[in-house]
Structure formats: structure tokens, C-alpha cells
Amino acid sequence: MVTTAERARGTAKTPDLAVLRRLRLAKDLMDRDWSEPLNLDAVAAHAGYSRYHFVRRFRDAYGETPGQYLTRRRIERAQDLLRSANLTVTEICMFVGFTSLGTFCTRFRRQVGMTPSEFRAQAHRSVPAPIPGCFVMLWAGGFRAD
């Protein structure tokens, strides 16, 4: 495990490959189930760590916490949908796994530098017509008969 202080001093050791494999399992789980509500305890258990040890190991290996990583990936997916689908910002917010529109907009602006609506307006100037939202929802499993 490489600490931030070791990185700054240039004395960082190569991370243990077994640790990286276990962390990669958790990262793959987050990449696969990004739109679902994910429980940190379950993701940590998937990697074989306790919650707190997992957060420390993940941050040391990847430079961000699991929560920051998942948020970044969800925002990236939201950017793709804002560029290509005619879903509302609220629909995209819920679709990518956020439960609060306010939190989504705040984190989107912090990561991208503009609001989702501003991003969509800028992106639509340079791309073809958006995909109808009903097709996006059908393709992604948004219409489930539960």
C-alpha cells in the first residue's frame, strides 16, 4: 500500500499485486453496477476488506475514494446521455444512480465546470440529433416489468 506521503517524497513502493487484484474486483463491481444503489460495506466485502480498510487501500491505490470514483463514473455516464439522449436532466439524474437532483447538479458542476443544462446546450451545438429517450430506457433496462 502506498501512502500519499510516500508518493510526495518519491519513496513509494510498488503496490502488492494481490491487493490490486482484490481492489480491481471491487472496481469492476462498481463499473458494472454503476446505476444501482451500491453499499460500501458490500463492495468492500466483495474485495475481502472491512469498510474502512477498503477505503484506505482504494484511495492509496487509485488516488480517490470509492465514493469519489463512483460519482466520477456516474457523471461521465450522465455526460454521454446529455449528449446523445433526449431525456430530461431529472431522468438522467435518476438513471445514472443519483437520488437527489440537487446533489447531482452540484457534483456535475464541480466535476465538469458547468450545470447539466449548460453542458447539454453546448454539446447539442456540435452533435447529431439525440436518440429518443424511450429507446435509451428500453436498451438500458429502464422499462422492467417487476
# chains A, B, ... in the order shown; residues from 1 in each chain; ligands from 1
call {"tool": "residues_around", "arguments": {"residues": "region 108-114 of chain A", "least_positions_apart": "5", "cutoff": "10 Å", "atoms": "only C-alpha atoms", "output": "ChimeraX atom specification"}}
result
/A:71-72,74-76,78-79,93,102-103,119-120,122
call {"tool": "residues_around", "arguments": {"residues": "region 21-29 of chain A", "least_positions_apart": "5", "cutoff": "9 Å", "atoms": "only C-alpha atoms", "output": "list of chain:residue names"}}
result
A:Asp16, A:Trp34, A:Val43, A:Ala44, A:Ala45, A:His46, A:Ala47, A:Gly48, A:Tyr49, A:Phe54, A:Arg57, A:Phe58, A:Ala61, A:Pro66, A:Tyr69, A:Leu70
call {"tool": "write_last_selection", "arguments": {"atoms": "all heavy atoms", "output": "short mmCIF file (atom, residue, chain, number, x, y, z; two decimals), in the first residue's frame"}}
result
data_model
loop_
_atom_site.label_atom_id
_atom_site.label_comp_id
_atom_site.auth_asym_id
_atom_site.auth_seq_id
_atom_site.Cartn_x
_atom_site.Cartn_y
_atom_site.Cartn_z
N ASP A 16 1.24 -4.13 -3.85
CA ASP A 16 1.16 -5.57 -3.89
C ASP A 16 0.14 -6.00 -4.94
O ASP A 16 -0.99 -5.51 -4.95
CB ASP A 16 0.77 -6.07 -2.49
CG ASP A 16 0.69 -7.57 -2.41
OD1 ASP A 16 1.20 -8.26 -3.32
OD2 ASP A 16 0.13 -8.07 -1.43
N TRP A 34 -22.96 0.53 -11.79
CA TRP A 34 -22.85 1.96 -11.50
C TRP A 34 -24.19 2.65 -11.31
O TRP A 34 -24.30 3.60 -10.57
CB TRP A 34 -22.06 2.67 -12.60
CG TRP A 34 -22.61 2.46 -13.97
CD1 TRP A 34 -22.29 1.46 -14.83
CD2 TRP A 34 -23.60 3.24 -14.64
NE1 TRP A 34 -23.00 1.57 -15.99
CE2 TRP A 34 -23.82 2.66 -15.90
CE3 TRP A 34 -24.32 4.38 -14.29
CZ2 TRP A 34 -24.73 3.18 -16.82
CZ3 TRP A 34 -25.22 4.90 -15.20
CH2 TRP A 34 -25.42 4.30 -16.45
N VAL A 43 -19.47 -3.64 -1.24
CA VAL A 43 -18.36 -3.52 -2.20
C VAL A 43 -17.05 -3.89 -1.52
O VAL A 43 -16.23 -4.61 -2.09
CB VAL A 43 -18.29 -2.09 -2.79
CG1 VAL A 43 -17.07 -1.92 -3.68
CG2 VAL A 43 -19.56 -1.77 -3.57
N ALA A 44 -16.86 -3.44 -0.29
CA ALA A 44 -15.65 -3.78 0.47
C ALA A 44 -15.57 -5.29 0.72
O ALA A 44 -14.51 -5.89 0.58
CB ALA A 44 -15.62 -3.02 1.79
N ALA A 45 -16.69 -5.89 1.07
CA ALA A 45 -16.72 -7.34 1.31
C ALA A 45 -16.40 -8.09 0.02
O ALA A 45 -15.75 -9.14 0.06
CB ALA A 45 -18.08 -7.75 1.85
N HIS A 46 -16.85 -7.56 -1.11
CA HIS A 46 -16.56 -8.18 -2.40
C HIS A 46 -15.05 -8.24 -2.64
O HIS A 46 -14.55 -9.18 -3.26
CB HIS A 46 -17.26 -7.40 -3.51
CG HIS A 46 -17.27 -8.08 -4.83
ND1 HIS A 46 -18.07 -9.16 -5.11
CD2 HIS A 46 -16.57 -7.84 -5.96
CE1 HIS A 46 -17.87 -9.55 -6.35
NE2 HIS A 46 -16.96 -8.76 -6.89
N ALA A 47 -14.33 -7.24 -2.13
CA ALA A 47 -12.87 -7.21 -2.26
C ALA A 47 -12.19 -7.93 -1.11
O ALA A 47 -10.97 -8.10 -1.13
CB ALA A 47 -12.39 -5.76 -2.32
N GLY A 48 -12.95 -8.32 -0.10
CA GLY A 48 -12.37 -9.04 1.04
C GLY A 48 -11.79 -8.15 2.11
O GLY A 48 -10.87 -8.54 2.83
N TYR A 49 -12.31 -6.93 2.24
CA TYR A 49 -11.83 -5.98 3.23
C TYR A 49 -12.98 -5.47 4.08
O TYR A 49 -14.14 -5.53 3.68
CB TYR A 49 -11.18 -4.76 2.57
CG TYR A 49 -9.88 -5.04 1.87
CD1 TYR A 49 -9.77 -4.96 0.50
CD2 TYR A 49 -8.74 -5.37 2.60
CE1 TYR A 49 -8.57 -5.22 -0.15
CE2 TYR A 49 -7.54 -5.63 1.97
CZ TYR A 49 -7.47 -5.55 0.60
OH TYR A 49 -6.28 -5.80 -0.03
N PHE A 54 -10.84 -0.93 3.31
CA PHE A 54 -11.06 -0.87 1.87
C PHE A 54 -10.93 0.57 1.37
O PHE A 54 -10.26 0.81 0.35
CB PHE A 54 -12.45 -1.43 1.53
CG PHE A 54 -12.85 -1.23 0.10
CD1 PHE A 54 -12.19 -1.90 -0.92
CD2 PHE A 54 -13.88 -0.37 -0.23
CE1 PHE A 54 -12.56 -1.72 -2.24
CE2 PHE A 54 -14.26 -0.18 -1.55
CZ PHE A 54 -13.59 -0.86 -2.55
N ARG A 57 -7.21 1.52 1.38
CA ARG A 57 -6.47 0.81 0.31
C ARG A 57 -6.83 1.35 -1.07
O ARG A 57 -5.98 1.54 -1.92
CB ARG A 57 -6.76 -0.69 0.36
CG ARG A 57 -6.19 -1.42 1.51
CD ARG A 57 -4.74 -1.75 1.20
NE ARG A 57 -4.14 -2.43 2.32
CZ ARG A 57 -3.30 -3.42 2.21
NH1 ARG A 57 -2.95 -3.87 1.03
NH2 ARG A 57 -2.77 -3.97 3.28
N PHE A 58 -8.12 1.57 -1.30
CA PHE A 58 -8.59 2.07 -2.60
C PHE A 58 -8.01 3.45 -2.87
O PHE A 58 -7.49 3.72 -3.96
CB PHE A 58 -10.12 2.12 -2.59
CG PHE A 58 -10.73 2.29 -3.96
CD1 PHE A 58 -11.15 1.19 -4.68
CD2 PHE A 58 -10.89 3.54 -4.52
CE1 PHE A 58 -11.72 1.33 -5.94
CE2 PHE A 58 -11.45 3.70 -5.78
CZ PHE A 58 -11.86 2.58 -6.48
N ALA A 61 -4.30 3.25 -3.67
CA ALA A 61 -4.01 2.63 -4.97
C ALA A 61 -4.44 3.51 -6.14
O ALA A 61 -3.74 3.60 -7.15
CB ALA A 61 -4.69 1.26 -5.06
N PRO A 66 -13.57 5.29 -2.99
CA PRO A 66 -14.56 4.58 -3.80
C PRO A 66 -15.77 5.46 -4.14
O PRO A 66 -16.29 5.41 -5.25
CB PRO A 66 -14.97 3.39 -2.93
CG PRO A 66 -13.84 3.18 -2.01
CD PRO A 66 -13.24 4.53 -1.78
N TYR A 69 -14.78 7.84 -6.88
CA TYR A 69 -14.66 7.11 -8.15
C TYR A 69 -16.05 6.85 -8.74
O TYR A 69 -16.28 7.09 -9.92
CB TYR A 69 -13.93 5.78 -7.92
CG TYR A 69 -13.91 4.91 -9.14
CD1 TYR A 69 -13.05 5.19 -10.20
CD2 TYR A 69 -14.77 3.82 -9.26
CE1 TYR A 69 -13.04 4.41 -11.34
CE2 TYR A 69 -14.77 3.04 -10.40
CZ TYR A 69 -13.90 3.33 -11.44
OH TYR A 69 -13.92 2.57 -12.57
N LEU A 70 -16.96 6.36 -7.91
CA LEU A 70 -18.30 6.04 -8.40
C LEU A 70 -19.03 7.30 -8.88
O LEU A 70 -19.67 7.29 -9.93
CB LEU A 70 -19.11 5.35 -7.30
CG LEU A 70 -20.48 4.82 -7.70
CD1 LEU A 70 -20.37 3.81 -8.84
CD2 LEU A 70 -21.16 4.17 -6.49
#
call {"tool": "select_by_dssp", "arguments": {"residues": "region 8-122 of chain A", "states": "alpha helix (DSSP H)", "output": "ChimeraX atom specification"}}
result
/A:8-9,17-32,40-47,51-62,66-84,89-95,101-112,116-122
call {"tool": "atom_distance", "arguments": {"atom1": "CA of Val55 (chain A)", "atom2": "CA of Asp41 (chain A)"}}
result
10.1 Å
